[in-house]
$ cat protein17.csv   # CSV, C-alpha atoms
chain,number,residue,atom,x,y,z
A,4,MET,CA,23.3,14.0,10.5
A,5,LYS,CA,23.5,11.5,7.6
A,6,THR,CA,21.7,8.1,7.9
A,7,LEU,CA,25.0,6.2,8.3
A,8,GLU,CA,26.1,8.6,11.2
A,9,ILE,CA,22.7,8.1,12.9
A,10,GLU,CA,23.0,4.3,12.7
A,11,PHE,CA,26.6,4.5,14.0
A,12,THR,CA,25.6,6.8,16.9
A,13,GLN,CA,22.9,4.3,17.9
A,14,LEU,CA,25.3,1.4,17.7
A,15,VAL,CA,27.9,3.2,19.9
A,16,LYS,CA,25.3,4.1,22.5
A,17,GLU,CA,24.1,0.5,22.5
A,18,TYR,CA,27.5,-1.0,23.0
A,19,LYS,CA,29.1,1.8,25.1
A,20,SER,CA,29.4,-0.4,28.2
A,21,THR,CA,31.2,-3.1,26.3
A,22,ILE,CA,33.6,-0.7,24.7
A,23,TYR,CA,34.2,1.1,28.0
A,24,THR,CA,34.8,-2.2,29.8
A,25,VAL,CA,37.5,-3.2,27.3
A,26,CYS,CA,39.2,0.2,27.5
A,27,TYR,CA,39.2,0.1,31.3
A,28,MET,CA,40.7,-3.4,31.4
A,29,PHE,CA,43.5,-2.4,29.1
A,30,SER,CA,44.3,1.0,30.7
A,31,GLU,CA,46.2,2.4,33.6
A,32,ASP,CA,44.4,5.7,34.1
A,33,PRO,CA,41.2,7.6,33.1
A,34,GLU,CA,42.9,9.6,30.4
A,35,GLU,CA,44.1,6.5,28.7
A,36,VAL,CA,40.6,5.1,28.9
A,37,ASN,CA,39.4,8.3,27.2
A,38,ASP,CA,41.9,8.0,24.4
A,39,LEU,CA,41.3,4.3,23.8
A,40,PHE,CA,37.5,4.8,23.7
A,41,GLN,CA,37.8,7.4,21.1
A,42,GLU,CA,40.4,5.5,19.1
A,43,ILE,CA,37.9,2.5,19.1
A,44,LEU,CA,35.2,4.8,17.8
A,45,VAL,CA,37.4,6.0,15.0
A,46,ASN,CA,38.3,2.4,14.0
A,47,MET,CA,34.7,1.3,14.2
A,48,TRP,CA,33.7,4.3,12.0
A,49,ARG,CA,36.3,3.5,9.4
A,50,GLY,CA,35.0,-0.1,9.2
A,51,PHE,CA,31.3,0.6,9.7
A,52,GLY,CA,30.5,1.2,6.0
A,53,SER,CA,32.0,-2.1,4.9
A,54,PHE,CA,30.9,-4.2,7.9
A,55,LYS,CA,27.6,-5.3,6.2
A,56,GLY,CA,26.8,-7.9,8.9
A,57,ARG,CA,29.6,-10.4,8.1
A,58,SER,CA,29.4,-11.3,11.8
A,59,SER,CA,27.1,-10.3,14.5
A,60,VAL,CA,27.3,-6.7,15.6
A,61,ALA,CA,28.4,-7.7,19.1
A,62,THR,CA,31.2,-9.9,17.7
A,63,TRP,CA,32.3,-7.0,15.4
A,64,VAL,CA,32.3,-4.5,18.3
A,65,TRP,CA,34.4,-6.9,20.5
A,66,ARG,CA,36.9,-7.5,17.7
A,67,VAL,CA,37.5,-3.8,16.9
A,68,SER,CA,37.7,-2.9,20.6
A,69,LEU,CA,40.1,-5.7,21.5
A,70,ASN,CA,42.2,-5.2,18.4
A,71,THR,CA,42.5,-1.5,19.1
A,72,CYS,CA,43.6,-2.1,22.7
A,73,ILE,CA,46.0,-5.0,21.9
A,74,SER,CA,47.5,-4.1,18.5
A,75,GLY,CA,46.7,-0.4,18.0
A,76,GLU,CA,49.5,2.0,17.4
A,77,ARG,CA,49.4,4.4,20.2
A,78,LYS,CA,51.8,7.2,21.2
A,79,LYS,CA,51.8,8.9,24.5
A,80,LYS,CA,50.9,12.5,23.7
A,81,PRO,CA,49.6,15.6,25.5
A,82,HIS,CA,46.0,15.0,26.3
A,83,GLN,CA,43.8,15.9,23.3
A,84,SER,CA,40.7,13.8,23.6
A,85,VAL,CA,37.3,15.1,24.5
A,86,PRO,CA,36.4,13.8,28.0
A,87,LEU,CA,33.7,11.1,28.2
A,88,SER,CA,30.5,11.9,30.0
A,89,LEU,CA,31.1,9.9,33.2
A,90,ASN,CA,30.1,10.8,36.7
A,91,PHE,CA,32.7,8.6,38.4
A,92,ASN,CA,36.3,7.6,38.1
A,93,LEU,CA,36.7,3.8,38.4
A,94,PHE,CA,40.4,4.1,39.2
A,95,ASP,CA,40.1,5.8,42.5
A,96,SER,CA,36.5,5.7,43.8
A,97,THR,CA,36.1,4.3,47.3
A,98,GLY,CA,32.7,2.6,47.5
A,99,GLU,CA,32.2,-1.1,48.1
A,100,ASP,CA,31.2,-1.6,44.4
A,101,ASP,CA,34.1,0.4,43.2
A,102,TRP,CA,36.5,-1.7,45.3
A,103,GLN,CA,35.1,-4.8,43.6
A,104,ILE,CA,35.5,-3.2,40.2
A,105,GLN,CA,39.1,-2.2,41.0
A,106,MET,CA,39.8,-5.8,42.2
A,107,LEU,CA,38.6,-7.1,38.9
A,108,HIS,CA,40.8,-4.6,37.1
A,109,ARG,CA,43.8,-5.7,39.2
A,110,ARG,CA,43.2,-9.3,38.4
A,111,ILE,CA,42.7,-8.9,34.7
A,112,SER,CA,45.5,-6.4,34.1
A,113,ARG,CA,48.0,-8.9,35.4
A,114,LEU,CA,47.2,-11.3,32.6
A,115,LYS,CA,48.9,-11.2,29.2
A,116,PRO,CA,46.9,-9.2,26.5
A,117,PHE,CA,45.4,-12.2,24.7
A,118,ASP,CA,44.5,-14.0,28.0
A,119,ARG,CA,42.9,-10.7,29.1
A,120,ALA,CA,40.8,-10.8,25.9
A,121,ILE,CA,39.8,-14.4,26.4
A,122,VAL,CA,38.8,-14.0,30.0
A,123,LEU,CA,36.8,-10.8,29.2
A,124,LEU,CA,34.9,-12.6,26.5
A,125,TRP,CA,34.3,-15.5,28.8
A,126,LEU,CA,33.0,-13.2,31.5
A,127,GLU,CA,30.6,-11.7,29.0
A,128,ASN,CA,29.1,-15.3,28.7
A,129,LEU,CA,30.2,-15.7,25.1
A,130,SER,CA,30.3,-19.3,23.9
A,131,TYR,CA,33.6,-21.1,23.3
A,132,GLU,CA,32.8,-21.0,19.6
A,133,GLU,CA,32.3,-17.2,19.7
A,134,ILE,CA,35.5,-16.7,21.7
A,135,ALA,CA,37.5,-18.9,19.3
A,136,ALA,CA,36.2,-16.9,16.3
A,137,ILE,CA,37.0,-13.6,17.8
A,138,VAL,CA,40.5,-14.6,19.0
A,139,GLY,CA,41.3,-16.8,16.0
A,140,ILE,CA,42.1,-20.0,17.8
A,141,SER,CA,40.4,-23.4,18.0
A,142,VAL,CA,37.6,-24.2,20.4
A,143,LYS,CA,39.8,-26.7,22.1
A,144,ASN,CA,42.5,-24.1,22.5
A,145,VAL,CA,40.0,-21.8,24.2
A,146,SER,CA,39.3,-24.4,26.8
A,147,VAL,CA,43.0,-25.1,27.4
A,148,ARG,CA,43.7,-21.3,27.7
A,149,LEU,CA,40.8,-20.8,30.1
A,150,PHE,CA,42.1,-23.6,32.3
A,151,ARG,CA,45.5,-22.0,32.4
A,152,ILE,CA,44.0,-18.6,33.1
A,153,LYS,CA,42.1,-20.2,36.0
A,154,GLU,CA,45.3,-21.6,37.4
A,155,GLU,CA,47.0,-18.3,37.0
A,156,LEU,CA,44.2,-16.4,38.8
A,157,LYS,CA,44.3,-19.0,41.6
A,158,ASN,CA,48.1,-18.4,42.0
A,159,MET,CA,47.6,-14.7,42.1
A,160,SER,CA,45.1,-15.1,44.9
A,161,ASN,CA,47.5,-17.3,46.8
B,14,MET,CA,32.6,-27.7,26.4
B,15,ASP,CA,30.5,-26.0,29.1
B,16,ASN,CA,31.6,-23.0,31.1
B,17,ARG,CA,30.9,-24.8,34.4
B,18,TYR,CA,34.3,-26.4,34.3
B,19,PHE,CA,35.8,-23.0,35.1
B,20,ASP,CA,33.6,-21.9,37.9
B,21,SER,CA,36.5,-21.5,40.4
B,22,ALA,CA,36.0,-19.0,43.2
B,23,GLU,CA,38.2,-16.5,41.4
B,24,LEU,CA,36.2,-16.6,38.2
B,25,GLN,CA,32.9,-16.6,40.0
B,26,ASP,CA,34.0,-13.5,41.9
B,27,MET,CA,35.0,-11.9,38.6
B,28,LYS,CA,31.6,-12.7,37.1
B,29,GLU,CA,30.0,-10.8,39.9
B,30,GLN,CA,32.4,-8.0,39.7
B,31,ILE,CA,31.9,-7.6,35.9
B,32,SER,CA,28.1,-7.5,36.5
B,33,ILE,CA,28.7,-4.7,39.0
B,34,LEU,CA,30.8,-2.8,36.4
B,35,LYS,CA,28.3,-3.4,33.6
B,36,GLY,CA,25.4,-2.3,35.9
B,37,LYS,CA,27.2,0.9,36.8
B,38,LEU,CA,28.2,1.7,33.2
B,39,ASP,CA,24.7,1.0,31.9
B,40,LYS,CA,23.4,3.8,34.1
B,41,GLU,CA,25.9,6.3,32.7
B,42,VAL,CA,25.6,8.4,29.5
B,43,ILE,CA,29.4,7.9,28.7
B,44,VAL,CA,29.0,9.2,25.1
B,45,ASN,CA,26.5,11.7,23.6
B,46,ASP,CA,25.8,12.7,20.0
B,47,ALA,CA,28.0,15.7,20.2
B,48,LEU,CA,31.0,13.8,21.4
B,49,ILE,CA,30.6,11.1,18.8
B,50,ARG,CA,30.3,13.8,16.1
B,51,LYS,CA,33.4,15.5,17.4
B,52,VAL,CA,35.4,12.3,17.4
B,53,LEU,CA,34.4,11.5,13.9
B,54,SER,CA,35.0,15.0,12.5
B,55,ASP,CA,38.2,15.7,14.4
B,56,LYS,CA,40.0,12.3,14.4
B,57,ALA,CA,38.6,10.4,11.4
B,58,ASP,CA,38.9,13.5,9.1
B,59,LYS,CA,42.4,14.3,10.4
B,60,LEU,CA,43.5,10.8,9.5
B,61,LYS,CA,42.2,11.2,6.0
B,62,ILE,CA,43.9,14.6,5.6
B,63,MET,CA,47.2,13.2,7.0
B,64,GLY,CA,47.1,10.3,4.5
B,65,LEU,CA,46.4,12.7,1.6
B,66,GLY,CA,49.1,15.1,2.8
B,67,LYS,CA,51.7,12.3,3.0
B,68,THR,CA,50.9,11.3,-0.6
B,69,VAL,CA,51.1,14.8,-1.9
B,70,VAL,CA,54.4,15.4,-0.2
B,71,SER,CA,55.8,12.1,-1.5
B,72,PHE,CA,54.9,13.0,-5.1
B,73,LEU,CA,56.2,16.6,-4.8
B,74,SER,CA,59.5,15.7,-3.3
B,75,ILE,CA,60.8,14.1,-6.5
B,76,PRO,CA,60.4,17.2,-8.7
B,77,MET,CA,61.7,19.2,-5.7
B,78,MET,CA,64.8,17.1,-5.6
B,79,VAL,CA,65.4,17.5,-9.3
B,80,TRP,CA,64.9,21.2,-9.1
B,81,CYS,CA,67.2,21.5,-6.0
B,82,THR,CA,70.1,19.6,-7.5
B,83,THR,CA,69.8,21.4,-10.8
B,84,PHE,CA,69.6,24.8,-9.1
B,85,LEU,CA,72.7,24.0,-7.0
B,86,GLY,CA,74.6,22.8,-10.1
B,87,MET,CA,75.0,19.2,-9.0
B,88,SER,CA,75.9,16.3,-11.3
B,89,LEU,CA,73.3,14.4,-13.4
B,90,VAL,CA,74.4,11.1,-11.8
B,91,PHE,CA,73.7,12.5,-8.3
B,92,THR,CA,70.3,13.7,-9.4
B,93,ILE,CA,69.4,10.3,-10.9
B,94,VAL,CA,70.6,8.3,-7.8
B,95,SER,CA,68.7,10.7,-5.5
B,96,VAL,CA,65.5,10.3,-7.4
B,97,ALA,CA,66.0,6.5,-7.5
B,98,MET,CA,66.5,6.5,-3.7
B,99,LEU,CA,63.3,8.5,-3.1
B,100,SER,CA,61.3,6.3,-5.4
B,101,VAL,CA,62.5,3.1,-3.6
B,102,ALA,CA,61.6,4.7,-0.3
B,103,PHE,CA,58.1,5.5,-1.5
B,104,LEU,CA,57.5,2.1,-3.0
B,105,TYR,CA,58.7,0.4,0.2
B,106,MET,CA,56.3,2.5,2.4
B,107,TYR,CA,53.5,2.0,-0.1
B,108,SER,CA,53.9,-1.8,-0.2
B,109,SER,CA,54.3,-1.9,3.6
B,110,HIS,CA,51.0,-0.2,4.1
B,111,ARG,CA,49.0,-1.7,1.2
B,112,ASP,CA,48.1,-4.8,3.1
B,113,ILE,CA,47.0,-2.8,6.1
B,114,ASN,CA,44.9,-0.4,4.1
B,115,ARG,CA,43.4,-2.9,1.7
B,116,THR,CA,41.2,-4.6,4.3
B,117,ASN,CA,39.5,-3.3,7.4
B,118,LEU,CA,42.3,-4.7,9.6
B,119,MET,CA,40.5,-4.2,12.9
B,120,CYS,CA,37.7,-6.5,11.9
B,121,ASP,CA,39.8,-9.6,11.6
B,122,ASP,CA,40.5,-12.0,14.5
B,123,LEU,CA,42.9,-10.9,17.3
B,124,LEU,CA,45.8,-13.2,16.5
B,125,GLU,CA,45.7,-12.3,12.7
B,126,VAL,CA,45.7,-8.6,13.5
B,127,GLY,CA,48.3,-8.9,16.1
B,128,GLU,CA,50.6,-10.8,13.8
B,129,ARG,CA,50.1,-8.4,10.8
B,130,VAL,CA,50.7,-5.3,13.0
B,131,ALA,CA,53.8,-6.8,14.6
B,132,ARG,CA,55.2,-7.8,11.2
B,133,LEU,CA,54.5,-4.3,9.8
B,134,LYS,CA,56.3,-2.7,12.8
B,135,GLN,CA,59.3,-5.1,12.3
B,136,ARG,CA,59.4,-4.2,8.7
B,137,TYR,CA,59.2,-0.5,9.4
B,138,SER,CA,62.0,-0.6,12.0
B,139,SER,CA,64.1,-2.8,9.7
B,140,TRP,CA,63.9,0.1,7.2
B,141,ILE,CA,66.0,2.2,9.7
B,142,LYS,CA,68.7,-0.5,9.7
B,143,TYR,CA,69.2,-0.2,5.9
B,144,SER,CA,68.3,3.4,5.3
B,145,VAL,CA,70.8,5.0,7.8
B,146,PRO,CA,74.0,3.7,6.1
B,147,VAL,CA,72.5,4.6,2.7
B,148,PHE,CA,71.7,8.1,3.9
B,149,VAL,CA,75.1,8.6,5.4
B,150,ALA,CA,76.7,7.7,2.1
B,151,TRP,CA,74.1,10.0,0.3
B,152,PHE,CA,74.9,13.0,2.6
B,153,SER,CA,78.6,12.5,2.1
B,154,TRP,CA,78.1,12.6,-1.7
B,155,PHE,CA,75.7,15.5,-1.3
B,156,PHE,CA,78.4,17.6,0.4
B,157,TYR,CA,81.0,16.5,-2.1
B,158,GLU,CA,78.7,17.8,-4.8
B,159,LEU,CA,78.0,21.0,-2.9
B,160,TYR,CA,81.8,21.6,-2.5
B,161,ASN,CA,82.3,21.1,-6.2
B,162,ALA,CA,79.4,23.4,-7.0
B,163,GLY,CA,81.6,26.3,-5.6
B,164,LEU,CA,79.5,27.5,-2.6
B,165,PRO,CA,81.2,29.8,-0.1
B,166,LEU,CA,83.3,27.5,2.3
B,167,LEU,CA,82.1,29.2,5.5
B,168,ASN,CA,78.4,28.4,4.6
B,169,LEU,CA,79.4,24.9,3.6
B,170,HIS,CA,81.2,24.2,6.9
B,171,ALA,CA,78.3,25.4,9.0
B,172,ALA,CA,75.9,23.2,7.0
B,173,VAL,CA,78.2,20.2,7.5
B,174,ILE,CA,78.5,20.7,11.3
B,175,GLY,CA,74.8,21.2,11.6
B,176,LEU,CA,73.9,18.1,9.6
B,177,VAL,CA,76.5,15.9,11.4
B,178,VAL,CA,75.3,16.9,14.8
B,179,GLY,CA,71.7,16.4,13.7
B,180,GLY,CA,72.5,13.1,12.1
B,181,VAL,CA,74.2,11.7,15.2
B,182,ILE,CA,71.3,12.7,17.5
B,183,GLY,CA,68.7,11.5,15.0
B,184,GLY,CA,70.6,8.2,14.4
B,185,THR,CA,70.9,7.5,18.1
B,186,ILE,CA,67.2,8.0,18.6
B,187,GLY,CA,66.5,5.8,15.5
B,188,VAL,CA,68.7,3.0,16.8
B,189,VAL,CA,67.0,3.1,20.3
B,190,ARG,CA,63.6,3.1,18.7
B,191,TYR,CA,64.5,0.3,16.3
B,192,ARG,CA,65.7,-2.0,19.1
B,193,LYS,CA,62.6,-1.3,21.2
B,194,ILE,CA,60.1,-1.9,18.3
B,195,GLN,CA,62.0,-5.1,17.3
B,196,ARG,CA,61.9,-6.4,20.9
B,197,ILE,CA,58.2,-5.6,21.5
B,198,SER,CA,57.2,-7.1,18.1
B,199,LYS,CA,59.3,-10.2,18.7
B,200,GLU,CA,57.6,-10.8,22.1
B,201,LEU,CA,54.1,-10.3,20.5
B,202,LEU,CA,54.9,-12.8,17.7
B,203,GLN,CA,56.3,-15.3,20.1
B,204,GLU,CA,53.1,-15.0,22.2
B,205,ILE,CA,50.9,-15.4,19.1
B,206,GLU,CA,52.9,-18.6,18.2
B,207,LYS,CA,52.1,-20.1,21.6
B,208,TYR,CA,48.4,-19.5,21.0
B,209,ARG,CA,48.5,-21.2,17.6
B,210,ILE,CA,49.9,-24.5,18.9
$ encode --input "protein17.csv" --output "structure tokens"
Amino acid sequence: MKTLEIEFTQLVKEYKSTIYTVCYMFSEDPEEVNDLFQEILVNMWRGFGSFKGRSSVATWVWRVSLNTCISGERKKKPHQSVPLSLNFNLFDSTGEDDWQIQMLHRRISRLKPFDRAIVLLWLENLSYEEIAAIVGISVKNVSVRLFRIKEELKNMSN
Amino acid sequence: MDNRYFDSAELQDMKEQISILKGKLDKEVIVNDALIRKVLSDKADKLKIMGLGKTVVSFLSIPMMVWCTTFLGMSLVFTIVSVAMLSVAFLYMYSSHRDINRTNLMCDDLLEVGERVARLKQRYSSWIKYSVPVFVAWFSWFFYELYNAGLPLLNLHAAVIGLVVGGVIGGTIGVVRYRKIQRISKELLQEIEKYRI
């Protein structure tokens, strides 16, 4: 493998959980998660050479992942992706932890795409400044949005 | 502002739930070297080849059109108009994609990317609105030229029926797709506008 490919592989392994979390929150089934995950890898690879640390690696990974899930051009097609190496299916497992994860998925998937992105970034403990930079809104707008998301989540629970 | 203003029960639950998810995912392999290599070689290379293929087909279709119209004995005016139409189509497609290809789109912020992709989709689907009537007119002229070129009538009628049926089906699919893309893009742009206030 070439040096760039080795670096890229390392980066993917380091951020696999972040990428998978985004895919899971924007998908309806495991096959879609698979497709999205691989589409994100392709988009990351296409931009990897020119990335050159303009932002932190984590920010870049979040941007590419969320952009692919929100704005990417996807067509439903017969399943072609290579399956990911996972020992569980988060969509229909039955353990207590799995139930909690599915509950999270249900809550987040009812939000609009950009709100979904904001809440995911907030749950990752990113600062308001970082969230604002990734989404492309002001810091004040982040706080307003989060307030509205909180209200929406409360209404969902009620 | 501090995150503590948003520590409602729902969000606290969600924080715990995402920790469970992350903990579970961290223990998994998810991707290995072989899978990453396969994704890069299969998908990324395929995209490059498809892009190259489109460019080659675009460039070859103009001489093909000239050869075809000359071979069938069509008029020079028709040949010139056809080549001009193809050239406009290529320039339109090229200019639509130039902005997308020039920068690494996916690295920009979410609203910027969302807006650019939605506008590109709108522009693409608007193309259908203008190109369908132009192509209907072009096909009518094409058959007029064929008729004057002295081809056997039976072959000509079969070709006309085939193309009309194909055109109606294709046109209907195009209109449905156009309306759907326009609606989705409009909704996305409206949502983006709300975030920018």
$ atom_distance --input "protein17.csv" --atom1 "atom CA of Leu7 of chain A" --atom2 "atom CA of Asn37 of chain A"
23.9 Å
$ atom_distance --input "protein17.csv" --atom1 "atom CA of Trp151 of chain B" --atom2 "atom CA of Val90 of chain B"
12.2 Å
$ atom_distance --input "protein17.csv" --atom1 "atom CA of Asn161 of chain B" --atom2 "atom CA of Phe148 of chain B"
19.6 Å
$ closest_atom_pairs --input "protein17.csv" --of "chain B" --to "chain A" --cutoff "7 Å" --atoms "only C-alpha atoms" --output "CSV"
residue,atom,partner,partner_atom,distance
B:Phe19,CA,A:Phe150,CA,6.9
B:Glu23,CA,A:Leu156,CA,6.5
B:Met27,CA,A:Leu107,CA,6.0
B:Lys28,CA,A:Leu126,CA,5.8
B:Gln30,CA,A:Gln103,CA,5.7
B:Ile33,CA,A:Asp100,CA,6.7
B:Leu34,CA,A:Ile104,CA,6.1
B:Lys35,CA,A:Ser20,CA,6.3
B:Leu38,CA,A:Ser20,CA,5.6
B:Asp39,CA,A:Ser20,CA,6.1
B:Glu41,CA,A:Leu89,CA,6.3
B:Val42,CA,A:Ser88,CA,6.0
B:Ile43,CA,A:Ser88,CA,4.3
B:Val44,CA,A:Ser88,CA,5.8
B:Asp46,CA,A:Thr12,CA,6.7
B:Ile49,CA,A:Thr12,CA,6.9
B:Val52,CA,A:Gln41,CA,6.6
B:Leu53,CA,A:Val45,CA,6.4
B:Lys56,CA,A:Val45,CA,6.8
B:Ala57,CA,A:Val45,CA,5.8
B:Asn117,CA,A:Gly50,CA,5.8
B:Met119,CA,A:Val67,CA,5.0
B:Cys120,CA,A:Val67,CA,5.7
B:Asp122,CA,A:Ile137,CA,5.1
B:Leu123,CA,A:Val138,CA,4.7
B:Leu124,CA,A:Gly139,CA,5.8
B:Val126,CA,A:Asn70,CA,6.9
B:Gly127,CA,A:Ser74,CA,5.4
B:Val130,CA,A:Ser74,CA,6.5
B:Arg209,CA,A:Ile140,CA,6.5
$ closest_residue --input "protein17.csv" --among "A:Arg109, A:Glu31, A:Asn92, A:Ile121" --to "Val147 of chain A" --atoms "only C-alpha atoms"
A:Ile121
